[in-house]
Every structure is written in structure tokens, then in C-alpha cells.
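Chemist: Below you'll find start-v5.pdb; it's PDB, C-alpha atoms.
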ATOM      1  CA  MET E  39       0.000   0.000   0.000
ATOM      2  CA  ILE E  40       1.224   3.538  -0.739
ATOM      3  CA  MET E  41       0.528   6.441   1.683
ATOM      4  CA  LYS E  42       1.522  10.061   1.764
ATOM      5  CA  ILE E  43       3.595  10.811   4.895
ATOM      6  CA  ASN E  44       5.023  14.309   5.421
ATOM      7  CA  GLY E  45       4.178  15.135   1.839
ATOM      8  CA  LYS E  46       6.121  12.157   0.452
ATOM      9  CA  ARG E  47       4.689   8.979  -0.937
ATOM     10  CA  LYS E  48       5.864   5.953   1.020
ATOM     11  CA  ARG E  49       5.172   2.283   0.722
ATOM     12  CA  ILE E  50       3.894   0.674   3.926
ATOM     13  CA  CYS E  51       3.053  -2.952   4.521
ATOM     14  CA  PHE E  52      -0.374  -4.230   5.541
ATOM     15  CA  ALA E  53       0.744  -4.746   9.184
ATOM     16  CA  GLN E  54       1.795  -1.102   9.474
ATOM     17  CA  TYR E  55      -1.489  -0.005   7.903
ATOM     18  CA  ALA E  56      -3.469  -2.196  10.324
ATOM     19  CA  VAL E  57      -1.635  -0.695  13.316
ATOM     20  CA  LEU E  58      -2.336   2.838  12.032
ATOM     21  CA  LEU E  59      -5.986   1.985  11.440
ATOM     22  CA  LEU E  60      -6.420   0.442  14.916
ATOM     23  CA  PHE E  61      -4.740   3.482  16.469
ATOM     24  CA  ALA E  62      -7.070   5.847  14.590
ATOM     25  CA  VAL E  63     -10.168   3.856  15.525
ATOM     26  CA  GLY E  64      -8.997   3.701  19.136
ATOM     27  CA  MET E  65      -8.540   7.466  19.208
ATOM     28  CA  CYS E  66     -12.074   7.990  17.928
ATOM     29  CA  THR E  67     -13.843   5.468  20.145
ATOM     30  CA  GLY E  68     -11.658   4.702  23.140
ATOM     31  CA  CYS E  69     -11.227   8.147  24.586
ATOM     32  CA  GLY E  70     -14.836   8.797  25.501
ATOM     33  CA  GLU E  71     -15.574   9.096  29.184
ATOM     34  CA  LYS E  72     -17.461   6.094  30.516
ATOM     35  CA  GLN E  73     -20.824   7.083  31.939
ATOM     36  CA  PRO E  74     -21.948   5.692  35.274
ATOM     37  CA  GLU E  75     -24.296   2.758  35.329
ATOM     38  CA  GLY E  76     -27.943   3.755  35.385
ATOM     39  CA  LEU E  77     -27.384   7.288  34.072
ATOM     40  CA  PRO E  78     -30.697   8.221  32.451
ATOM     41  CA  GLU E  79     -30.890   9.675  28.948
ATOM     42  CA  LEU E  80     -30.009  13.373  29.134
ATOM     43  CA  SER E  81     -31.317  16.305  27.109
ATOM     44  CA  PRO E  82     -29.530  19.676  26.840
ATOM     45  CA  CYS E  83     -30.846  22.270  29.283
ATOM     46  CA  THR E  84     -30.087  25.951  29.818
ATOM     47  CA  ILE E  85     -31.551  28.043  32.622
ATOM     48  CA  THR E  86     -31.298  31.849  32.661
ATOM     49  CA  ILE E  87     -31.584  33.726  35.957
ATOM     50  CA  THR E  88     -32.431  37.416  36.206
ATOM     51  CA  GLN E  89     -32.719  39.722  39.198
ATOM     52  CA  GLU E  90     -34.639  42.976  38.826
ATOM     53  CA  GLY E  91     -34.672  42.242  35.092
ATOM     54  CA  SER E  92     -30.865  41.996  34.725
ATOM     55  CA  PRO E  93     -28.771  38.827  34.306
ATOM     56  CA  LEU E  94     -27.561  37.378  37.615
ATOM     57  CA  ALA E  95     -23.969  36.189  37.205
ATOM     58  CA  GLN E  96     -22.258  33.571  39.386
ATOM     59  CA  ALA E  97     -25.501  32.238  40.856
ATOM     60  CA  THR E  98     -25.840  28.563  41.706
ATOM     61  CA  VAL E  99     -28.835  26.850  40.089
ATOM     62  CA  LEU E 100     -29.972  23.447  41.387
ATOM     63  CA  LEU E 101     -32.726  21.369  39.849
ATOM     64  CA  ILE E 102     -34.404  18.967  42.244
ATOM     65  CA  PRO E 103     -36.233  16.178  40.414
ATOM     66  CA  GLN E 104     -39.795  15.385  41.434
ATOM     67  CA  ASP E 105     -39.451  11.840  40.082
ATOM     68  CA  PRO E 106     -38.190   9.613  42.934
ATOM     69  CA  SER E 107     -36.277   7.429  40.452
ATOM     70  CA  LEU E 108     -33.970  10.411  39.745
ATOM     71  CA  LYS E 109     -33.199  11.263  43.376
ATOM     72  CA  ASP E 110     -29.659   9.859  43.179
ATOM     73  CA  TRP E 111     -28.658  12.241  40.368
ATOM     74  CA  SER E 112     -27.584  15.802  41.208
ATOM     75  CA  MET E 113     -28.357  18.439  38.581
ATOM     76  CA  GLY E 114     -27.292  22.042  38.395
ATOM     77  CA  GLY E 115     -24.954  24.700  37.108
ATOM     78  CA  THR E 116     -23.543  28.182  37.658
ATOM     79  CA  THR E 117     -24.680  31.221  35.720
ATOM     80  CA  ASP E 118     -22.291  33.112  33.465
ATOM     81  CA  ALA E 119     -22.139  36.899  32.923
ATOM     82  CA  ASN E 120     -25.361  36.682  30.881
ATOM     83  CA  GLY E 121     -27.203  34.854  33.659
ATOM     84  CA  LYS E 122     -27.183  31.577  31.682
ATOM     85  CA  ALA E 123     -26.365  28.248  33.309
ATOM     86  CA  LEU E 124     -25.653  25.111  31.317
ATOM     87  CA  ILE E 125     -27.252  22.435  33.479
ATOM     88  CA  ARG E 126     -25.291  19.246  34.025
ATOM     89  CA  THR E 127     -26.006  15.975  35.758
ATOM     90  CA  HIS E 128     -23.463  15.046  38.437
ATOM     91  CA  GLY E 129     -21.488  18.147  37.430
ATOM     92  CA  GLN E 130     -20.031  16.579  34.298
ATOM     93  CA  TYR E 131     -22.687  15.183  31.981
ATOM     94  CA  ASN E 132     -24.401  17.849  29.852
ATOM     95  CA  GLY E 133     -28.145  17.887  30.226
ATOM     96  CA  ILE E 134     -30.817  16.457  32.477
ATOM     97  CA  PRO E 135     -33.445  13.722  32.201
ATOM     98  CA  VAL E 136     -36.952  14.562  31.004
ATOM     99  CA  GLY E 137     -39.174  15.380  33.976
ATOM    100  CA  GLU E 138     -40.410  17.991  36.415
ATOM    101  CA  TYR E 139     -38.087  19.902  38.728
ATOM    102  CA  ILE E 140     -38.056  22.383  41.578
ATOM    103  CA  VAL E 141     -35.530  25.143  40.843
ATOM    104  CA  VAL E 142     -33.365  26.495  43.660
ATOM    105  CA  VAL E 143     -31.221  29.601  43.095
ATOM    106  CA  ASN E 144     -28.570  31.052  45.375
ATOM    107  CA  LYS E 145     -25.764  33.550  45.219
ATOM    108  CA  GLU E 146     -23.528  34.174  48.206
ATOM    109  CA  GLU E 147     -20.938  36.720  49.201
ATOM    110  CA  ARG E 148     -18.323  36.220  51.901
ATOM    111  CA  THR E 149     -16.650  39.185  53.530
ATOM    112  CA  ASP E 150     -14.429  39.716  56.526
ATOM    113  CA  ASP E 151     -16.275  40.493  59.718
ATOM    114  CA  PRO E 152     -15.877  44.276  60.181
ATOM    115  CA  LYS E 153     -15.876  43.806  63.964
ATOM    116  CA  ALA E 154     -12.677  41.771  63.664
ATOM    117  CA  ASN E 155     -10.514  44.660  62.370
ATOM    118  CA  SER E 156      -9.534  45.824  65.863
ATOM    119  CA  LYS E 157      -8.370  42.305  66.773
ATOM    120  CA  ALA E 158      -6.316  42.059  63.568
ATOM    121  CA  VAL E 159      -4.428  45.247  64.460
ATOM    122  CA  LYS E 160      -3.448  43.807  67.857
ATOM    123  CA  ASP E 161      -2.536  40.328  66.589
ATOM    124  CA  PRO E 162      -0.940  40.014  63.122
ATOM    125  CA  ASP E 163      -1.606  36.229  63.127
ATOM    126  CA  TYR E 164      -5.307  36.743  63.725
ATOM    127  CA  VAL E 165      -7.542  35.472  60.907
ATOM    128  CA  ALA E 166     -10.796  37.367  60.730
ATOM    129  CA  PRO E 167     -13.943  35.260  60.579
ATOM    130  CA  LYS E 168     -16.024  35.519  57.437
ATOM    131  CA  VAL E 169     -19.553  36.817  57.272
ATOM    132  CA  LEU E 170     -21.816  35.132  54.738
ATOM    133  CA  PHE E 171     -24.568  36.974  52.869
ATOM    134  CA  SER E 172     -27.237  35.689  50.516
ATOM    135  CA  LEU E 173     -27.735  37.952  47.500
ATOM    136  CA  VAL E 174     -31.008  36.271  46.475
ATOM    137  CA  GLU E 175     -34.276  36.396  48.407
ATOM    138  CA  THR E 176     -34.297  33.425  50.772
ATOM    139  CA  LYS E 177     -37.497  31.929  49.347
ATOM    140  CA  TYR E 178     -35.576  31.071  46.154
ATOM    141  CA  ASN E 179     -32.727  29.197  47.865
ATOM    142  CA  ASN E 180     -34.857  26.736  49.783
ATOM    143  CA  PRO E 181     -36.482  23.719  48.068
ATOM    144  CA  GLY E 182     -39.451  23.977  50.428
ATOM    145  CA  THR E 183     -40.245  27.620  49.628
ATOM    146  CA  THR E 184     -39.085  28.282  46.070
ATOM    147  CA  PRO E 185     -41.949  29.025  43.682
ATOM    148  CA  LEU E 186     -39.741  28.148  40.693
ATOM    149  CA  LYS E 187     -40.701  25.018  38.744
ATOM    150  CA  PHE E 188     -39.337  23.640  35.471
ATOM    151  CA  LYS E 189     -40.628  20.910  33.179
ATOM    152  CA  MET E 190     -37.988  19.372  30.934
ATOM    153  CA  GLU E 191     -39.450  18.240  27.639
ATOM    154  CA  LYS E 192     -37.727  15.857  25.218
ATOM    155  CA  GLU E 193     -34.728  17.016  23.184
ATOM    156  CA  THR E 194     -33.892  20.501  24.524
ATOM    157  CA  GLY E 195     -35.131  22.657  27.350
ATOM    158  CA  SER E 196     -34.614  26.224  28.476
ATOM    159  CA  ALA E 197     -36.299  28.679  30.771
ATOM    160  CA  THR E 198     -35.772  32.105  32.309
ATOM    161  CA  PHE E 199     -36.525  32.765  35.961
ATOM    162  CA  GLU E 200     -36.727  36.096  37.795
ATOM    163  CA  VAL E 201     -35.555  35.976  41.427
ATOM    164  CA  GLY E 202     -36.969  39.290  42.602
ATOM    165  CA  LYS E 203     -35.247  42.296  44.073
ATOM    166  CA  LYS E 204     -31.582  42.640  44.999
ATOM    167  CA  VAL E 205     -30.957  41.755  48.633
ATOM    168  CA  ARG E 206     -28.048  41.244  50.997
ATOM    169  CA  VAL E 207     -29.263  39.029  53.828
ATOM    170  CA  LYS E 208     -26.763  37.995  56.500
ATOM    171  CA  PHE E 209     -26.815  34.312  57.348
ATOM    172  CA  LYS E 210     -27.064  33.540  61.050
ATOM    173  CA  GLN E 211     -23.678  32.481  62.429
ATOM    174  CA  ASP E 212     -24.975  29.095  63.578
ATOM    175  CA  ALA E 213     -26.324  28.396  60.057
ATOM    176  CA  ILE E 214     -22.886  28.659  58.412
TER     177      ILE E 214
END
Spell out the structure here as C-alpha cells.

Modeler:
Amino acid sequence: MIMKINGKRKRICFAQYAVLLLFAVGMCTGCGEKQPEGLPELSPCTITITQEGSPLAQATVLLIPQDPSLKDWSMGGTTDANGKALIRTHGQYNGIPVGEYIVVVNKEERTDDPKANSKAVKDPDYVAPKVLFSLVETKYNNPGTTPLKFKMEKETGSATFEVGKKVRVKFKQDAI
């Protein structure tokens, strides 16, 4: 058999050709990531989150399946600068199974405790505790209170959800 290698025609034997062919086939089929057993069929899903009509970036979006057979599969994503989140199953498989979901949205901010500044001046090794704030109304970040619902149809799904006004609610210290 004659092949072109580096722009030159070269004669290769059948054994060399077979090795090249097996290597090429292996590259095309053997590199795919093995999916876990029982992973349901997934359909692409994008969720857009807005707050006061503007995209909400860096928000966590979780979809909680209402079908008990899907309870072992986590589904969610993080919004980009346009408020869009590509939803994945188990954080790595694009898409979600067809079904109905409760949508939970959260965005947090951690800052140094302003009361700790005086301690930091006295002790250079002192590490100030963090204060945690929710930047989304609390009803949206609790599966029991969120009004957001999503029904994933076959093939592709997308939806836009508004999470109300801008807030900055301090989490109770014992809740962190």
C-alpha cells in the first residue's frame, strides 16, 4: 500500500497499515468518558436567571427532580455573565433527564467580619472570621419555599426565571 507521509509517498506494509488503522479507531472510540451505570438519557438544558430584570452572574442553580427514580442524580450549574447556566447531571454530563423539577437559586458573598478589624491590628496572626450573605431572596434558595418550577421536555429545554429584588441578607452564624 502507498501512503503520503510528510508530503512524500511511502510504501507501507499491511501490518503497518493495520496498526495505524487500529490506532485511529482507538482514538475515535476509546477516549470517551465512561458514563456511570444507570445514568438516564439526558437532554440539553439551559436556565437563565435574572434579578430585577438583569442577568444574575455567578448564581448557583440546582434542579431537584420530582421523580423519585432520579433522586440519586444531582443536577445544576452556575450562571455566566449573561445569567445563563448550562445544566449538568453530576457536574459533568451535559443535560438532564426529562421530567419535572423544583428550581433552587442562590448567590452568596463572603466578607471579613468588620468587627474583627480591631483584633487584627493587635494580633498580626489573627484570621478574621467571614460573614456570609445571601444575594437572592431566601425563598428562592430553599427547596421547600421556592416558587420556581421547570418541566424538561424531550430534546432541549430552556427557561428564564426572575428571582426578585436585589438583597443582601446575612446568614445567622450558627447556620454557616

Chemist: Would you list the contacts of E:Lys210 as a list in words, taking every protein, DNA or RNA residue within 12 Å and counting only C-alpha atoms, but skipping same-chain residues closer than 4 positions in sequence?

Modeler: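 Using only C-alpha atoms, the neighbours found are Lys168, Val169, Leu170, Phe171, Ser172 and Ile214 of chain E.
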
Chemist: Using atom CA of E:Gly121 and atom CA of E:Leu186 as the two end points, give the distance in Å to one decimal.

Modeler: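 Result for atom CA of E:Gly121 versus atom CA of E:Leu186: 15.9 Å, one decimal.
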
Chemist: Counting all atoms listed in the file, what is within 9 Å of stretch 93-97 of chain E, bar same-chain residues fewer than 3 positions away, as number ranges by chain?

Modeler: E: 86-90, 115-123, 143-146, 174, 201

Chemist: Compile the contact shell of E:Ala197 as a ChimeraX atom specification: residues with an atom at most 8 Å away, counting all atoms listed in the file, same-chain residues fewer than 6 positions apart removed.

Modeler: /E:84-86,188

Chemist: Could the residues in this selection be written to a file with C-alpha atoms, as an mmCIF file, in the coordinates of the input?

Modeler:
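Full text of part-v4.cif as output:
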data_model
loop_
_atom_site.group_PDB
_atom_site.id
_atom_site.type_symbol
_atom_site.label_atom_id
_atom_site.label_comp_id
_atom_site.auth_asym_id
_atom_site.auth_seq_id
_atom_site.Cartn_x
_atom_site.Cartn_y
_atom_site.Cartn_z
ATOM 1 C CA THR E 84 -30.087 25.951 29.818
ATOM 2 C CA ILE E 85 -31.551 28.043 32.622
ATOM 3 C CA THR E 86 -31.298 31.849 32.661
ATOM 4 C CA PHE E 188 -39.337 23.640 35.471
#

Chemist: Take the PyMOL selection byres ((chain E and resi 139) around 9), apply it to the structure above, and return the hits as a list in words.

Modeler: Leu101, Ile102, Pro103, Gln104, Asp105, Gly137, Glu138, Ile140, Val141, Leu186, Lys187, Phe188, Lys189 and Met190 of chain E

Chemist: Using all atoms listed in the file, find the one residue out of E:Val99, E:Asp161, E:Asn132, E:Gly114 that sits nearest to E:Leu77.

Modeler: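 Selected residue with least distance to E:Leu77: E:Asn132.
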
Chemist: What is the distance, in Å and to one decimal place, between atom CA of E:Asp110 and atom CA of E:Thr127?

Modeler: 10.3 Å

Chemist: From the set E:Ser112, E:Asp150, E:Val142, E:Gly202, which residue has the shortest atom-to-atom contact distance to E:Pro181, counting all atoms listed in the file?

Modeler: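 The closest residue to E:Pro181 is E:Val142.
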
Chemist: Under the rule that all atoms listed in the file are counted, which of E:Pro167, E:Gly91, E:Pro106, E:Pro82 is the nearest residue to E:Lys203?

Modeler: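 Using all atoms listed in the file, the shortest distance to E:Lys203 belongs to E:Gly91.
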
Chemist: Around all listed atoms of stretch 78-81 of chain E, padded 5 Å per side, what centre and edge lengths does the axis-aligned box have in Å to one decimal, as JSON?

Modeler:
{"center_x": -30.7, "center_y": 12.3, "center_z": 29.8, "size_x": 11.3, "size_y": 18.1, "size_z": 15.3}

Chemist: Expressed in Å to a single decimal, how great is the separation between atom CA of E:Leu80 and atom CA of E:His128?

Modeler: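 Distance reported for this atom pair: 11.5 Å.
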
Chemist: Generate N, CA, C and O atoms for stretch 177-193 of chain E and emit them as a short mmCIF file (atom, residue, chain, number, x, y, z; two decimals), in the frame of the given file.

Modeler:
data_model
loop_
_atom_site.label_atom_id
_atom_site.label_comp_id
_atom_site.auth_asym_id
_atom_site.auth_seq_id
_atom_site.Cartn_x
_atom_site.Cartn_y
_atom_site.Cartn_z
N LYS E 177 -36.49 32.89 49.83
CA LYS E 177 -37.50 31.93 49.35
C LYS E 177 -37.02 31.16 48.12
O LYS E 177 -37.46 30.05 47.86
N TYR E 178 -36.07 31.73 47.36
CA TYR E 178 -35.58 31.07 46.15
C TYR E 178 -34.46 30.07 46.42
O TYR E 178 -34.14 29.26 45.57
N ASN E 179 -33.83 30.12 47.60
CA ASN E 179 -32.73 29.20 47.86
C ASN E 179 -33.10 28.08 48.83
O ASN E 179 -32.23 27.45 49.42
N ASN E 180 -34.38 27.81 48.93
CA ASN E 180 -34.86 26.74 49.78
C ASN E 180 -35.84 25.88 48.98
O ASN E 180 -36.83 26.40 48.47
N PRO E 181 -35.57 24.57 48.86
CA PRO E 181 -36.48 23.72 48.07
C PRO E 181 -37.92 23.72 48.57
O PRO E 181 -38.85 23.52 47.80
N GLY E 182 -38.10 23.97 49.86
CA GLY E 182 -39.45 23.98 50.43
C GLY E 182 -40.23 25.25 50.18
O GLY E 182 -41.46 25.26 50.33
N THR E 183 -39.55 26.35 49.80
CA THR E 183 -40.24 27.62 49.63
C THR E 183 -40.14 28.22 48.23
O THR E 183 -40.85 29.16 47.92
N THR E 184 -39.24 27.69 47.40
CA THR E 184 -39.08 28.28 46.07
C THR E 184 -40.34 28.10 45.23
O THR E 184 -40.91 27.00 45.19
N PRO E 185 -40.79 29.16 44.57
CA PRO E 185 -41.95 29.02 43.68
C PRO E 185 -41.54 28.58 42.27
O PRO E 185 -42.41 28.37 41.42
N LEU E 186 -40.23 28.43 42.04
CA LEU E 186 -39.74 28.15 40.69
C LEU E 186 -39.87 26.66 40.35
O LEU E 186 -39.37 25.81 41.08
N LYS E 187 -40.50 26.39 39.23
CA LYS E 187 -40.70 25.02 38.74
C LYS E 187 -40.28 24.97 37.28
O LYS E 187 -40.40 25.95 36.54
N PHE E 188 -39.77 23.81 36.86
CA PHE E 188 -39.34 23.64 35.47
C PHE E 188 -39.72 22.26 34.99
O PHE E 188 -39.53 21.27 35.70
N LYS E 189 -40.29 22.19 33.79
CA LYS E 189 -40.63 20.91 33.18
C LYS E 189 -39.73 20.72 31.97
O LYS E 189 -39.79 21.49 31.01
N MET E 190 -38.89 19.69 32.03
CA MET E 190 -37.99 19.37 30.93
C MET E 190 -38.71 18.49 29.94
O MET E 190 -39.15 17.40 30.28
N GLU E 191 -38.83 19.00 28.72
CA GLU E 191 -39.45 18.24 27.64
C GLU E 191 -38.35 17.46 26.93
O GLU E 191 -37.18 17.63 27.20
N LYS E 192 -38.72 16.61 26.00
CA LYS E 192 -37.73 15.86 25.22
C LYS E 192 -36.89 16.80 24.38
O LYS E 192 -37.32 17.89 24.03
N GLU E 193 -35.70 16.38 24.06
CA GLU E 193 -34.73 17.02 23.18
C GLU E 193 -33.99 18.17 23.84
O GLU E 193 -32.86 18.03 24.23
#
